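Text of the file my_file33.json, holding JSON, C-alpha atoms:
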[["chain", "number", "residue", "atom", "x", "y", "z"],
["A", 1, "MET", "CA", 0.00, 0.00, 0.00],
["A", 2, "ALA", "CA", 1.29, 3.48, -0.90],
["A", 3, "ASN", "CA", 2.49, 5.76, 1.87],
["A", 4, "PHE", "CA", 2.59, 8.95, -0.15],
["A", 5, "PHE", "CA", -0.51, 10.86, -1.17],
["A", 6, "ARG", "CA", -0.99, 14.30, -2.56],
["A", 7, "GLU", "CA", -3.02, 16.00, 0.12],
["A", 8, "PRO", "CA", -4.94, 19.22, -0.59],
["A", 9, "ASP", "CA", -3.59, 22.29, 1.15],
["A", 10, "ARG", "CA", -6.68, 24.35, 1.92],
["A", 11, "ARG", "CA", -4.61, 27.13, 3.45],
["A", 12, "GLN", "CA", -2.74, 27.70, 0.21],
["A", 13, "ARG", "CA", -2.33, 31.43, -0.36],
["A", 14, "TYR", "CA", -3.35, 31.40, -4.07],
["A", 15, "LEU", "CA", -5.77, 28.71, -5.09],
["A", 16, "LEU", "CA", -6.11, 30.02, -8.65],
["A", 17, "PRO", "CA", -3.53, 31.70, -10.86],
["A", 18, "VAL", "CA", -3.11, 35.42, -10.25],
["A", 19, "ASP", "CA", -3.72, 36.27, -13.91],
["A", 20, "MET", "CA", -7.22, 35.36, -15.13],
["A", 21, "ALA", "CA", -5.85, 34.60, -18.59],
["A", 22, "ASP", "CA", -4.13, 31.57, -17.00],
["A", 23, "TRP", "CA", -7.48, 30.14, -15.89],
["A", 24, "VAL", "CA", -8.53, 28.96, -19.31],
["A", 25, "PRO", "CA", -6.56, 27.37, -22.14],
["A", 26, "GLU", "CA", -5.42, 29.57, -25.01],
["A", 27, "THR", "CA", -7.67, 27.61, -27.36],
["A", 28, "ASP", "CA", -10.83, 28.52, -25.46],
["A", 29, "MET", "CA", -13.31, 30.66, -27.36],
["A", 30, "VAL", "CA", -13.44, 33.25, -24.55],
["A", 31, "HIS", "CA", -10.13, 34.82, -25.63],
["A", 32, "LEU", "CA", -11.37, 35.34, -29.17],
["A", 33, "LEU", "CA", -14.74, 36.58, -27.99],
["A", 34, "LEU", "CA", -13.23, 39.21, -25.70],
["A", 35, "ASP", "CA", -11.12, 40.51, -28.59],
["A", 36, "VAL", "CA", -14.01, 40.47, -31.09],
["A", 37, "VAL", "CA", -16.45, 42.27, -28.78],
["A", 38, "ALA", "CA", -13.78, 44.89, -28.04],
["A", 39, "LEU", "CA", -13.74, 45.70, -31.78],
["A", 40, "MET", "CA", -17.51, 46.11, -32.05],
["A", 41, "ASP", "CA", -19.41, 49.39, -31.89],
["A", 42, "LEU", "CA", -21.45, 49.25, -28.67],
["A", 43, "SER", "CA", -22.81, 52.79, -28.79],
["A", 44, "ALA", "CA", -26.35, 51.44, -29.33],
["A", 45, "PHE", "CA", -26.09, 49.75, -25.93],
["A", 46, "GLU", "CA", -24.37, 52.62, -24.16],
["A", 47, "GLN", "CA", -26.91, 55.28, -25.19],
["A", 48, "HIS", "CA", -29.50, 53.75, -22.83],
["A", 49, "TYR", "CA", -27.45, 54.65, -19.75],
["A", 50, "THR", "CA", -26.98, 57.99, -18.03],
["A", 51, "LYS", "CA", -24.02, 59.20, -15.99],
["A", 52, "ARG", "CA", -26.06, 60.85, -13.26],
["A", 53, "GLY", "CA", -24.38, 59.08, -10.37],
["A", 54, "THR", "CA", -27.52, 57.86, -8.59],
["A", 55, "GLY", "CA", -27.47, 54.23, -7.56],
["A", 56, "ALA", "CA", -24.88, 51.64, -8.39],
["A", 57, "PRO", "CA", -23.19, 51.93, -11.78],
["A", 58, "PRO", "CA", -24.43, 49.42, -14.37],
["A", 59, "PHE", "CA", -22.36, 46.56, -15.68],
["A", 60, "ALA", "CA", -20.31, 47.41, -18.74],
["A", 61, "PRO", "CA", -22.30, 46.66, -21.91],
["A", 62, "TRP", "CA", -19.31, 44.94, -23.52],
["A", 63, "MET", "CA", -19.16, 42.54, -20.55],
["A", 64, "MET", "CA", -22.86, 41.72, -20.72],
["A", 65, "VAL", "CA", -22.77, 41.22, -24.50],
["A", 66, "CYS", "CA", -19.70, 39.02, -24.25],
["A", 67, "LEU", "CA", -21.28, 37.04, -21.40],
["A", 68, "LEU", "CA", -24.49, 36.38, -23.33],
["A", 69, "ILE", "CA", -22.71, 35.39, -26.54],
["A", 70, "TYR", "CA", -20.35, 33.08, -24.64],
["A", 71, "ALA", "CA", -23.25, 31.51, -22.74],
["A", 72, "TYR", "CA", -25.39, 30.99, -25.85],
["A", 73, "ALA", "CA", -22.42, 29.60, -27.78],
["A", 74, "ASN", "CA", -21.99, 27.07, -24.97],
["A", 75, "GLY", "CA", -25.67, 26.10, -24.99],
["A", 76, "GLN", "CA", -26.62, 27.98, -21.83],
["A", 77, "ARG", "CA", -29.90, 29.86, -22.15],
["A", 78, "SER", "CA", -31.01, 30.20, -18.51],
["A", 79, "SER", "CA", -30.06, 33.47, -16.81],
["A", 80, "ARG", "CA", -29.96, 31.66, -13.46],
["A", 81, "ARG", "CA", -27.58, 29.06, -14.86],
["A", 82, "ILE", "CA", -25.41, 31.80, -16.41],
["A", 83, "GLU", "CA", -25.22, 33.54, -13.01],
["A", 84, "ARG", "CA", -24.07, 30.29, -11.35],
["A", 85, "LEU", "CA", -21.50, 29.71, -14.10],
["A", 86, "CYS", "CA", -20.11, 33.23, -13.54],
["A", 87, "GLU", "CA", -19.25, 32.15, -10.00],
["A", 88, "ARG", "CA", -17.78, 28.73, -10.85],
["A", 89, "ASP", "CA", -16.66, 28.38, -14.48],
["A", 90, "ALA", "CA", -13.26, 29.76, -15.46],
["A", 91, "GLY", "CA", -14.37, 30.96, -18.92],
["A", 92, "PHE", "CA", -17.32, 32.88, -17.50],
["A", 93, "ARG", "CA", -15.18, 34.25, -14.67],
["A", 94, "MET", "CA", -12.67, 35.50, -17.20],
["A", 95, "ILE", "CA", -15.42, 37.62, -18.74],
["A", 96, "VAL", "CA", -16.96, 38.99, -15.53],
["A", 97, "GLY", "CA", -13.98, 38.93, -13.15],
["A", 98, "SER", "CA", -15.32, 39.49, -9.66],
["A", 99, "GLU", "CA", -18.37, 41.40, -10.94],
["A", 100, "VAL", "CA", -20.99, 38.61, -11.09],
["A", 101, "PRO", "CA", -24.32, 39.93, -12.42],
["A", 102, "ASP", "CA", -27.56, 38.69, -10.90],
["A", 103, "HIS", "CA", -29.81, 36.56, -13.11],
["A", 104, "SER", "CA", -32.42, 39.33, -13.20],
["A", 105, "VAL", "CA", -29.79, 41.80, -14.46],
["A", 106, "ILE", "CA", -28.81, 39.37, -17.22],
["A", 107, "ALA", "CA", -32.45, 38.84, -18.25],
["A", 108, "ARG", "CA", -33.26, 42.56, -18.17],
["A", 109, "PHE", "CA", -30.19, 43.42, -20.25],
["A", 110, "ARG", "CA", -31.15, 40.85, -22.87],
["A", 111, "LYS", "CA", -34.75, 42.08, -22.91],
["A", 112, "ARG", "CA", -33.83, 45.79, -23.03],
["A", 113, "HIS", "CA", -31.28, 45.36, -25.82],
["A", 114, "ARG", "CA", -32.78, 42.43, -27.72],
["A", 115, "SER", "CA", -32.67, 43.88, -31.22],
["A", 116, "GLU", "CA", -29.20, 45.42, -30.77],
["A", 117, "PHE", "CA", -27.91, 42.20, -29.21],
["A", 118, "GLU", "CA", -29.26, 40.02, -32.01],
["A", 119, "ALA", "CA", -27.69, 42.26, -34.65],
["A", 120, "LEU", "CA", -24.34, 42.29, -32.83],
["A", 121, "PHE", "CA", -24.42, 38.51, -32.31],
["A", 122, "VAL", "CA", -24.95, 38.02, -36.06],
["A", 123, "GLU", "CA", -22.02, 40.38, -36.77],
["A", 124, "VAL", "CA", -19.78, 38.42, -34.40],
["A", 125, "LEU", "CA", -20.76, 35.16, -36.11],
["A", 126, "LYS", "CA", -20.12, 36.65, -39.55],
["A", 127, "LEU", "CA", -16.72, 37.94, -38.43],
["A", 128, "CYS", "CA", -15.79, 34.52, -37.05],
["A", 129, "HIS", "CA", -17.02, 32.90, -40.27],
["A", 130, "ALA", "CA", -14.94, 35.28, -42.38],
["A", 131, "ALA", "CA", -11.89, 34.39, -40.30],
["A", 132, "GLY", "CA", -12.55, 30.70, -40.92],
["A", 133, "LEU", "CA", -13.27, 29.95, -37.28],
["A", 134, "VAL", "CA", -16.81, 28.67, -37.75],
["A", 135, "ARG", "CA", -18.68, 27.07, -40.60],
["A", 136, "LEU", "CA", -22.21, 28.08, -41.42],
["A", 137, "GLY", "CA", -24.61, 25.70, -43.06],
["A", 138, "VAL", "CA", -26.56, 22.54, -42.64],
["A", 139, "VAL", "CA", -25.16, 19.56, -40.78],
["A", 140, "ALA", "CA", -26.52, 16.21, -41.98],
["A", 141, "LEU", "CA", -25.91, 13.31, -39.66],
["A", 142, "ASP", "CA", -27.41, 10.38, -41.53],
["A", 143, "GLY", "CA", -29.05, 9.89, -44.88],
["A", 144, "THR", "CA", -30.44, 6.41, -44.26],
["A", 145, "LYS", "CA", -34.00, 6.00, -45.45],
["A", 146, "VAL", "CA", -36.20, 3.81, -43.31],
["A", 147, "GLN", "CA", -39.88, 3.09, -43.49],
["A", 148, "ALA", "CA", -41.68, 5.35, -41.07],
["A", 149, "ASN", "CA", -45.05, 6.79, -40.34],
["A", 150, "ALA", "CA", -44.17, 10.35, -41.36],
["A", 151, "ALA", "CA", -45.70, 12.81, -43.76],
["A", 152, "LEU", "CA", -43.91, 13.37, -47.07],
["A", 153, "ALA", "CA", -44.28, 17.12, -46.54],
["A", 154, "ALA", "CA", -42.12, 16.87, -43.40],
["A", 155, "ASN", "CA", -39.19, 15.43, -45.37],
["A", 156, "ARG", "CA", -36.59, 17.98, -46.35],
["A", 157, "THR", "CA", -33.58, 18.06, -48.61],
["A", 158, "ALA", "CA", -30.37, 19.87, -47.76],
["A", 159, "ARG", "CA", -31.15, 22.51, -50.38],
["A", 160, "SER", "CA", -34.57, 23.30, -48.86],
["A", 161, "LEU", "CA", -33.05, 23.50, -45.38],
["A", 162, "GLU", "CA", -30.42, 26.00, -46.53],
["A", 163, "LYS", "CA", -33.14, 28.27, -47.85],
["A", 164, "GLU", "CA", -35.15, 28.07, -44.63],
["A", 165, "ILE", "CA", -32.38, 28.65, -42.11],
["A", 166, "SER", "CA", -30.82, 32.08, -41.84],
["A", 167, "LEU", "CA", -28.28, 33.29, -39.36],
["A", 168, "GLU", "CA", -30.59, 36.02, -38.11],
["A", 169, "ALA", "CA", -33.39, 33.51, -37.54],
["A", 170, "GLU", "CA", -31.09, 31.19, -35.60],
["A", 171, "VAL", "CA", -29.94, 34.00, -33.29],
["A", 172, "ALA", "CA", -33.52, 35.18, -32.78],
["A", 173, "SER", "CA", -34.48, 31.60, -31.96],
["A", 174, "MET", "CA", -31.71, 31.38, -29.33],
["A", 175, "VAL", "CA", -32.80, 34.62, -27.69],
["A", 176, "SER", "CA", -36.45, 33.54, -27.72],
["A", 177, "GLU", "CA", -35.47, 30.22, -26.17],
["A", 178, "ALA", "CA", -33.59, 32.09, -23.43],
["A", 179, "GLU", "CA", -36.61, 34.27, -22.70],
["A", 180, "THR", "CA", -38.90, 31.23, -22.56],
["A", 181, "THR", "CA", -36.48, 29.43, -20.22],
["A", 182, "ASP", "CA", -36.26, 32.44, -17.90],
["A", 183, "ALA", "CA", -40.04, 32.85, -17.85],
["A", 184, "ALA", "CA", -40.50, 29.18, -16.92],
["A", 185, "GLU", "CA", -37.86, 29.44, -14.19],
["A", 186, "ASP", "CA", -39.46, 32.62, -12.82],
["A", 187, "VAL", "CA", -42.71, 30.74, -12.34],
["A", 188, "SER", "CA", -41.10, 27.70, -10.72],
["A", 189, "THR", "CA", -38.51, 29.51, -8.54],
["A", 190, "PRO", "CA", -39.67, 33.03, -7.65],
["A", 191, "ASP", "CA", -37.13, 35.25, -5.86]]
Encoded form using structure tokens:
Amino acid sequence: MANFFREPDRRQRYLLPVDMADWVPETDMVHLLLDVVALMDLSAFEQHYTKRGTGAPPFAPWMMVCLLIYAYANGQRSSRRIERLCERDAGFRMIVGSEVPDHSVIARFRKRHRSEFEALFVEVLKLCHAAGLVRLGVVALDGTKVQANAALAANRTARSLEKEISLEAEVASMVSEAETTDAAEDVSTPD
């Protein structure tokens, strides 16, 4: 039996690296996303805020936009889930630092800036596509034909799917799904 074990030192001075960039691998999408959002014009988001000095200052629009795009790209639609990930996940923490937004703040930001956010999300996807980082189009998994009890009108070819699916529609669908998820969670777990 082994006599040597690596024991956790809970009194360690630095549990995580001092630099947040060391938290996530260089290949993680968060690095690219932070750079891409920094290049975008966010004046449409910023015009909704005043600099009067009453109350707490709002979260930076670039941070909220980056957070939502990163969450949606990782399949997270729930504002409550995004809030929890901001506390625990290294990629999300890299975006928000120590400024974790509440789920209601995330949902209100998305609702207030829906049209601007959808347009910016599409621009980010187009920029990534132009750089060769993502591919847009239809993904077909299997072309096997089996006898089934399905309507012929429900069958689709790849060409008909390409015509039906647009980038703007996909982004709008993601945002709608997020709003539906939040509404369902608000009913089941009121604050």
Give me the region 16-52 of chain A side of the contact with region 99-118 of chain A, cut-off 12 Å, one line per residue showing its nearest atom pair and distance in Å at one decimal, counting all atoms listed in the file, sorted by chain and residue number, as CSV.
residue,atom,partner,partner_atom,distance
A:Val37,CA,A:Phe117,CA,11.5
A:Met40,CA,A:Phe117,CA,11.5
A:Asp41,CA,A:Glu116,CA,10.6
A:Leu42,CA,A:Glu116,CA,8.9
A:Ser43,CA,A:Glu116,CA,10.0
A:Ala44,CA,A:Glu116,CA,6.8
A:Phe45,CA,A:His113,CA,6.8
A:Glu46,CA,A:His113,CA,10.2
A:Gln47,CA,A:His113,CA,10.9
A:His48,CA,A:Arg112,CA,9.1
A:Tyr49,CA,A:Arg112,CA,11.4
(message) What's the separation between CA of Ala56 (chain A) and CA of Asp89 (chain A), in Å to one decimal place?
(response) 25.4 Å
(message) Given all atoms listed in the file as the basis, pick out the residue of A:Leu67, A:Leu39, A:Met94, A:Ala73 nearest to Ala21 (chain A).
(response)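 Closest residue, counting all atoms listed in the file: A:Met94.
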Edge lengths and centre, in Å to one decimal, as AutoDock Vina command-line options: that's what I need for the box along x, y and z that holds all listed atoms of region 57-72 of chain A plus 4 Å on each side.
--center_x -22.3 --center_y 41.5 --center_z -19.2 --size_x 14.2 --size_y 28.9 --size_z 22.8
(request) Find, counting only C-alpha atoms, the residue in A:Arg80, A:Met63, A:Pro25, A:Asp35 that gets nearest to Thr189 (chain A). (result)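 Closest candidate: A:Arg80.
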(request) Go through A:Asp28, A:Glu170, A:Glu185, A:Asp19 and flag the residue nearest Leu125 (chain A), using only C-alpha atoms for the distances. (result)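 Of A:Asp28, A:Glu170, A:Glu185, A:Asp19, the one nearest Leu125 (chain A) is A:Glu170, counting only C-alpha atoms.
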(request) Compare A:Val124, A:Ile95, A:Ala169, A:Ala178 by their minimum atom-to-atom distance to Trp23 (chain A), counting all atoms listed in the file, and give me the closest one. (result) A:Ile95
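The space separating CA of Arg93 (chain A) from CA of Leu68 (chain A) comes to 12.9 Å.
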(request) State, in Å with one decimal place, the distance from CA of Ser188 (chain A) to CA of Ile82 (chain A). (result) 17.2 Å
(message) Nearest residue to Phe121 (chain A) out of A:Gly97, A:Val65, A:Leu32, A:Ala183, using all atoms listed in the file?
(response) A:Val65
